[in-house]
Each structure stands twice: as structure tokens, then as C-alpha cells.
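Visitor: What follows is a single structure, and I will ask about it in a moment.
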Amino acid sequence: MPPKSSRQARQARLAWLDALRGPAALAVALHHSGWTFLPDVWAEVDRRIDVGTWGVFVFFMVSGYIIPASLERRGDLRTFWIGRAFRLLPLLAVAVVLALLLAAAGAFDLHPGLGTRPLPLVVLGNATMLQELLGVPAVIGVMWTLSYEMAFYLLTAGLFTVRQAHRSAVVAVVLALAAVPLGLLLPRPAIKGSADLVAALLGVAVVAAIAMSVRGRGWARGGVTGVNGTTVAAVSGGVLGLALVVLGSRVGAWQGLIVLAMMFAGTAVYRAERGAIRWRTAVATVLAVLACGFLAKDDPGWAPALLLAAAFFAAGFALRRRSFPRWLTHLGVISFSLYLLHPLLLRVVPNLPLFFLVLVPLAYLTHRLVEAPAQRLGRRLARRAGATARGAGARGADESGGSGEPMGEPSG
């Protein structure tokens with residue numbers, strides 16, 4: 001048997017993450033379909049544990065674990081943002097078009113606020129995936145989680161450029177501790193639906209920060225050397241991401257910051273696995289975030305969902321060297337399609353069993369036709385951009401007398 005390529009080896013090592021993603025996506029789909037098809041039964045379930053919250057927090061911890069590893073493996077912001085764009089935007093565009101077509105046919109309910117807000121702002125918010133934090137209605141309701149993912153990307157990129165990415169445990173604890181007083185002071189978003197100009201300016205500022213960090217020349221393996229345009233842009237993006245969560249979270253600053261803290265708690269687990277921090281530090285980080293997050297929402301199903309999400313992530317991590325059934329890991333591969341497309345079926349199919357019988361093949365189809373080709377294209381473009389960046393970084397190192405800290409190969 002021929003040896004595995006480095007990419008295949010990484011995929012084998014990360015199969016446990018796919019084994020978490022699939023059930024998490026199906027949990028969110030079950031949550032919404034349960035309320036649609038079995039509301040009385042699901043009300044009893046939801047009163048005990050919010051299954052949808054459990055699913056999305058599993059996603060958040062998985063992102064926290066793998067996104068910094070992905071950025072550090074690539075080694076520069078240009079290839080990172082190219083990879084993220086081609087991972088998320090193609091399917092998002094297809095899903096939005098399908099939602100608009102179904103809405104025109106009367107088979108999907110758009111947010112009533114979409115028609116009352118300026119169209120350019122609606123497009124900006126949804127295209128940048130920041131609509132949740134800009135006070136702009138989403139075309140598809142579940143897109144709200146992507147806004148927090150974007151804020152996390154911005155913060156991670158900012159920390160990377162100033163060589164502070166290893167402080168994820170500290171960041172997680174600080175965010176969790178700050179969530180409590182800020183949540184009490186800001187129980188509702190400061191960037192409200194009527195603040196169109198503020199929302200537009202913030203959205204454009206984020207786009208500008210990403211564009212400037214991508215186009216900058218201050219590349220160095222393991223981080224940007226010195227203060228330059230790339231550093232300023234990436235740090236500005238991180239500050240903007242954090243400000244948007246504090247000021248724009250529709251659910252309030254407490255819950256918004258706990259989302260970010262849970263992501264960085266996932267990163268702390270990755271750091272402990274790599275030997276960058278002690279395991280007791282990573283465990284204490286997760287426990288601190290959970291403790292600060294349990295009272296963030298006055299809902300009996302909220303705290304059990306957070307606890308179960310952390311336990312499910314821990315179980316997957318403990319079994320990471322085991323083999324998982326192919327059907328389970330493949331559900332993880334198509335999990336983004338499962339997550340993004342399931343709201344579109346709630347008024348199209350008549351019952352719960354048929355809902356899942358249609359959803360899984362549809363997600364498989366969109367993954368094959370949309371996600372996989374876009375990811376392959378993104379990888380090709382990222383390789384080209386990375387080669388250009390490495391050349392520029394080598395020239396910069398020759399001029400400055402060094403190339404920055406060496407970077408160990410992460411497992412993601």
C-alpha cells in the first residue's frame with residue numbers, strides 16, 4: 001500500500017472532529033424540525049436541554065480547536081482568508097439563492113425586517129456573514145453562528161500577527177470573566193436595527209481590515225515581523241471583531257462573549273495537546289468558561305447544553321486515536337450543508353422522517369457539487385498565494401536578518 005500523503009495523514013488524525021461535526025449538525029436540524037413537526041413533544045425536551053444550543057457549541061469548540069491550527073499550518077493570513085472564503089461563501093451563496101427562490105414560491109419565510117432595511121446594508125451584512133453583529137436580518141436564520149465564527153477568525157488573525165496566539169487560555173478566561181459584568185451592563189445590543197450608518201461603517205471597516213491584511217507584504221512564517229500595514233490591519237480586524245460581539249450581539253454581551261470564550265477554550269485544548277500549555281491549565285480554562293456561562297441565559301435548557309457540549313467534545317478528543325465509522329465521519333464532511341440547508345426544508349416536506357430522508361442526500365449533493373469543487377479551487381489559489389508569500393517572506397528575512405520563530409506542524 002502506498003504511503004499516505006501529508007494531507008491524508010492529517011485527515012486521518014482529525015477524523016474525530018468530523019465525528020463530532022455530523023451529530024452536532026443533525027442536533028441543530030433536529031431542534032428546528034422538532035419545533036416544526038412535534039412542537040408539544042419538543043417543548044418538553046427543550047425544557048430540559050436545548051439540543052440546538054448543544055449542537056452549535058460543539059461546532060464552536062471544534063472551530064476553536066482547528067482554526068488556529070489551520071492558520072499556523074499555513075503560516076500567513078493571505079492563504080488563511082482564501083481558505084475560509086472558499087470554504088464558506090460558495091455554499092452560502094447557493095443557500096441564499098435557494099432561500100430567495102423558495103420565499104418567492106411561498107415555501108420559506110424571510111425575516112420581515114429584510115424588506116425594511118437598506119438593500120446594500122443587507123447585502124453587506126449577509127455577504128460578510130456579520131449580519132448578526134451588525135443588527136441586520138439574516139436571509140437564513142441559522143447564519144447567526146457564522147457571525148461569531150467571523151469574529152473568532154478576526155481575533156485569531158490579530159493574535160497571530162502579534163505572536164500572542166499561544167495565549168488562548170488567558171484570552172478565554174478573560175473573555176469569560178468579562179462576559180459577566182459586560183452582560184449585566186449590556187443585556188441588549190448597542191448596535192440596534194435602526195443604526196444603519198454605524199452598521200455600514202463597521203461592516204466596511206472589517207472588509208477593509210481583511211483586505212489590507214491579505215494584501216500586505218509583512219509575511220513571516222509563524223507571524224508577522226515588526227509593525228507594518230499587515231499587522232495594523234489584522235490587529236484592527238481583531239479589535240473590530242471583539243467590539244462587534246460586545247456591542248452587537250443580539251443575545252447580549254454575556255452570551256456573545258461566552259461563545260467566543262468557548263472557542264478559545266477549544267484552542268486551549270489544542271495548545272495542551274501540542275505541549276504549549278499544561279493540561280491542568282486547559283481543563284481549568286474550560287471549567288472557568290462553563291462557570292461564567294451557565295447563568296448567561298435564563299433558560300433551564302441552556303446550562304445543560306453547554307455542559308453536554310464540553311463533555312461531548314472531551315469524549316471525542318479522548319477517542320481521537322480510535323477509528324470511526326465512515327458514515328459518521330462523512331456526516332461531518334457534509335455537516336456545513338446539513339446545517340445551512342435544513343431550514344429550507346421545514347415547509348417543503350410534510351413530516352419529521354421525510355425531513356431527514358431528504359436532508360442528508362441533499363447535503364451530500366451540495367457538498368459534491370458546490371463545497372468540494374470550491375475547496376479544491378481554494379486550495380490551489382492558496383498554494384499559489386502561499387508560494388508568493390514565502391518568496392516575499394524570504395526576501396524580508398534576508399533584509400531584516402531573521403525569519404521569525406520556527407513553527408511546529410500542527411495537527412490541523
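By order in the C-alpha cells, chains are A, B, ...; within a chain, residues start at 1; ligands start at 1, following the order shown.
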Mind checking which residues fall within 9 Å of Arg117 of chain A, counting only C-alpha atoms, ignoring those fewer than 2 positions away in the same chain, and posting them as an MDAnalysis selection string?
Guide: chainID A and resid 113:115 119:122 136:137 193:194 196
Visitor: Just want the 12 Å neighbourhood of Ala276 of chain A, counted on only C-alpha atoms, with same-chain residues fewer than 2 positions away dropped. Output as a PyMOL selection string.
Guide: chain A and resi 165-169+267-274+278-279+281-282+407-408+410
Visitor: One decimal, in Å: what's the spacing between atom CA of Arg376 of chain A and atom CA of Leu260 of chain A?
Guide: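 Atom CA of Arg376 of chain A sits 29.0 Å away from atom CA of Leu260 of chain A.
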Visitor: What gap, in Å, lies between atom CA of Leu352 of chain A and atom CA of Trp42 of chain A?
Guide: 12.1 Å
Visitor: Taking only C-alpha atoms into account, which of A:Val214, A:Ala311, A:Ala261, A:Ile277 comes nearest Ala382 of chain A?
Guide: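 For Ala382 of chain A, the nearest of the candidates is A:Val214.
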Visitor: Counting only C-alpha atoms, figure out which residue out of A:Val170, A:Val251, A:Met212, A:Leu357 gets nearest to Val232 of chain A.
Guide: A:Met212
Visitor: Measuring between only C-alpha atoms, which one of A:Val142, A:Leu381, A:Leu91, A:Val58 shows the shortest distance to Ala24 of chain A?
Guide: A:Val58
Visitor: Wanna dump the segment 61-178 of chain A-segment 331-341 of chain A contacts at 10 Å for me, each residue with its shortest atom pair and the distance in Å to one decimal, counting only C-alpha atoms, ordered by chain and number, as JSON lines?
Guide:
```
{"residue": "A:Arg87", "atom": "CA", "partner": "A:Phe336", "partner_atom": "CA", "distance": 9.4}
{"residue": "A:Leu88", "atom": "CA", "partner": "A:Phe336", "partner_atom": "CA", "distance": 8.4}
{"residue": "A:Leu91", "atom": "CA", "partner": "A:Ser337", "partner_atom": "CA", "distance": 7.4}
{"residue": "A:Leu92", "atom": "CA", "partner": "A:Leu340", "partner_atom": "CA", "distance": 7.5}
{"residue": "A:Val94", "atom": "CA", "partner": "A:Leu341", "partner_atom": "CA", "distance": 9.6}
{"residue": "A:Ala95", "atom": "CA", "partner": "A:Leu341", "partner_atom": "CA", "distance": 6.4}
{"residue": "A:Val96", "atom": "CA", "partner": "A:Leu340", "partner_atom": "CA", "distance": 9.4}
{"residue": "A:Leu98", "atom": "CA", "partner": "A:Leu341", "partner_atom": "CA", "distance": 9.0}
{"residue": "A:Ala99", "atom": "CA", "partner": "A:Leu341", "partner_atom": "CA", "distance": 8.9}
{"residue": "A:Ile140", "atom": "CA", "partner": "A:Leu340", "partner_atom": "CA", "distance": 7.9}
{"residue": "A:Gly141", "atom": "CA", "partner": "A:Leu340", "partner_atom": "CA", "distance": 9.1}
{"residue": "A:Val142", "atom": "CA", "partner": "A:Leu340", "partner_atom": "CA", "distance": 6.8}
{"residue": "A:Met143", "atom": "CA", "partner": "A:Leu340", "partner_atom": "CA", "distance": 7.4}
```
Visitor: Using only C-alpha atoms, what does the table of segment 198-303 of chain A residues within 10 Å of segment 182-190 of chain A look like, with each row giving the shortest atom pair and its distance in Å to one decimal, sorted by chain and ascending number, as JSON lines?
Guide:
```
{"residue": "A:Leu244", "atom": "CA", "partner": "A:Pro189", "partner_atom": "CA", "distance": 9.4}
{"residue": "A:Val245", "atom": "CA", "partner": "A:Pro189", "partner_atom": "CA", "distance": 9.0}
{"residue": "A:Val246", "atom": "CA", "partner": "A:Leu182", "partner_atom": "CA", "distance": 7.7}
{"residue": "A:Leu247", "atom": "CA", "partner": "A:Ala190", "partner_atom": "CA", "distance": 5.0}
{"residue": "A:Gly248", "atom": "CA", "partner": "A:Pro189", "partner_atom": "CA", "distance": 4.8}
{"residue": "A:Ser249", "atom": "CA", "partner": "A:Pro189", "partner_atom": "CA", "distance": 5.5}
{"residue": "A:Arg250", "atom": "CA", "partner": "A:Pro189", "partner_atom": "CA", "distance": 5.5}
{"residue": "A:Val251", "atom": "CA", "partner": "A:Arg188", "partner_atom": "CA", "distance": 6.7}
{"residue": "A:Gly252", "atom": "CA", "partner": "A:Pro187", "partner_atom": "CA", "distance": 4.6}
{"residue": "A:Ala253", "atom": "CA", "partner": "A:Gly183", "partner_atom": "CA", "distance": 4.6}
{"residue": "A:Trp254", "atom": "CA", "partner": "A:Gly183", "partner_atom": "CA", "distance": 3.9}
{"residue": "A:Gln255", "atom": "CA", "partner": "A:Gly183", "partner_atom": "CA", "distance": 7.5}
{"residue": "A:Gly256", "atom": "CA", "partner": "A:Gly183", "partner_atom": "CA", "distance": 8.7}
{"residue": "A:Leu257", "atom": "CA", "partner": "A:Gly183", "partner_atom": "CA", "distance": 8.5}
{"residue": "A:Ile258", "atom": "CA", "partner": "A:Gly183", "partner_atom": "CA", "distance": 9.9}
{"residue": "A:Ala296", "atom": "CA", "partner": "A:Gly183", "partner_atom": "CA", "distance": 7.8}
```
Visitor: Save out the residues we just selected, C-alpha atoms, as a PDB file, in the first residue's frame.
Guide:
```pdb
ATOM      1  CA  LEU A 244     -18.911  43.803  17.394  1.00  0.00           C
ATOM      2  CA  VAL A 245     -19.514  40.902  19.781  1.00  0.00           C
ATOM      3  CA  VAL A 246     -19.660  43.210  22.816  1.00  0.00           C
ATOM      4  CA  LEU A 247     -21.834  45.870  21.196  1.00  0.00           C
ATOM      5  CA  GLY A 248     -23.761  43.981  18.551  1.00  0.00           C
ATOM      6  CA  SER A 249     -24.672  40.559  19.938  1.00  0.00           C
ATOM      7  CA  ARG A 250     -28.415  40.216  19.518  1.00  0.00           C
ATOM      8  CA  VAL A 251     -28.438  37.907  22.550  1.00  0.00           C
ATOM      9  CA  GLY A 252     -26.475  40.374  24.673  1.00  0.00           C
ATOM     10  CA  ALA A 253     -22.807  40.732  25.557  1.00  0.00           C
ATOM     11  CA  TRP A 254     -22.842  37.921  28.141  1.00  0.00           C
ATOM     12  CA  GLN A 255     -23.875  35.162  25.758  1.00  0.00           C
ATOM     13  CA  GLY A 256     -21.859  36.644  22.897  1.00  0.00           C
ATOM     14  CA  LEU A 257     -18.620  36.700  24.862  1.00  0.00           C
ATOM     15  CA  ILE A 258     -19.232  33.199  26.195  1.00  0.00           C
ATOM     16  CA  ALA A 296     -25.715  33.805  30.800  1.00  0.00           C
TER      17      ALA A 296
END
```
Visitor: Point out the residue among A:Ala234, A:Leu133, A:Val180, A:Cys292 with the least atom-to-atom distance to Tyr148 of chain A, counting only C-alpha atoms.
Guide: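 Between A:Ala234, A:Leu133, A:Val180, A:Cys292, the residue approaching Tyr148 of chain A most closely is A:Leu133.
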Visitor: I'd like the neighbourhood of Arg48 of chain A as a compact mmCIF listing (two decimals) with C-alpha atoms, in the first residue's frame, where a residue qualifies if any of its atoms comes within 7 Å (using only C-alpha atoms), though same-chain residues fewer than 3 positions away should be ignored.
Guide:
```txt
# COMPACT_ATOMS: atom_id res chain seq x y z
CA GLU A 44 -40.76 19.00 26.92
CA VAL A 45 -37.33 18.13 25.52
CA PRO A 300 -33.33 25.79 32.06
CA GLY A 301 -32.05 24.07 28.92
```
Visitor: Measure the distance from atom CA of Trp54 of chain A to atom CA of Ala85 of chain A in Å and round it to one decimal.
Guide: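 That distance, rounded to one decimal, is 26.0 Å.
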Visitor: Quick one: everything within 8 Å of Phe108 of chain A, counting only C-alpha atoms, minus sequence neighbours fewer than 4 positions away in the same chain. Send it as a short mmCIF file (atom, residue, chain, number, x, y, z; two decimals) with N, CA, C and O atoms, in the first residue's frame.
Guide:
```
data_model
loop_
_atom_site.label_atom_id
_atom_site.label_comp_id
_atom_site.auth_asym_id
_atom_site.auth_seq_id
_atom_site.Cartn_x
_atom_site.Cartn_y
_atom_site.Cartn_z
N ALA A 99 -33.01 30.03 -0.80
CA ALA A 99 -33.95 30.60 0.15
C ALA A 99 -34.82 31.67 -0.51
O ALA A 99 -36.04 31.72 -0.28
N LEU A 100 -34.21 32.50 -1.32
CA LEU A 100 -34.98 33.55 -2.01
C LEU A 100 -35.97 32.95 -3.00
O LEU A 100 -37.10 33.44 -3.13
N LEU A 102 -37.34 29.91 -2.80
CA LEU A 102 -38.41 29.28 -2.03
C LEU A 102 -39.34 30.33 -1.42
O LEU A 102 -40.56 30.12 -1.34
N ALA A 103 -38.77 31.45 -1.00
CA ALA A 103 -39.60 32.53 -0.45
C ALA A 103 -40.53 33.08 -1.52
O ALA A 103 -41.71 33.37 -1.25
N ALA A 104 -40.02 33.21 -2.73
CA ALA A 104 -40.85 33.70 -3.83
C ALA A 104 -41.99 32.73 -4.14
O ALA A 104 -43.08 33.14 -4.57
N LEU A 344 -34.34 25.30 5.02
CA LEU A 344 -35.05 25.46 3.75
C LEU A 344 -36.08 24.35 3.52
O LEU A 344 -36.96 24.49 2.67
N ARG A 347 -40.67 23.75 5.49
CA ARG A 347 -42.02 23.90 4.94
C ARG A 347 -42.19 23.16 3.62
O ARG A 347 -43.24 23.23 3.00
#
```
Visitor: Counting only C-alpha atoms, what is within 10 Å of segment 152-161 of chain A, bar same-chain residues fewer than 5 positions away, as a PyMOL selection string?
Guide: chain A and resi 60+63-64+67-68+71-72+75-77+80-81+84+146-147+166-168+171+206+209-210+213+218-220+222-227+230-242+245+259-261+263-264+267
Visitor: Rank nothing, just name the residue among A:Pro181, A:Pro343, A:Pro304, A:Gly316 nearest to Leu110 of chain A, using only C-alpha atoms.
Guide: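 Among the listed residues, the smallest separation from Leu110 of chain A belongs to A:Pro343.
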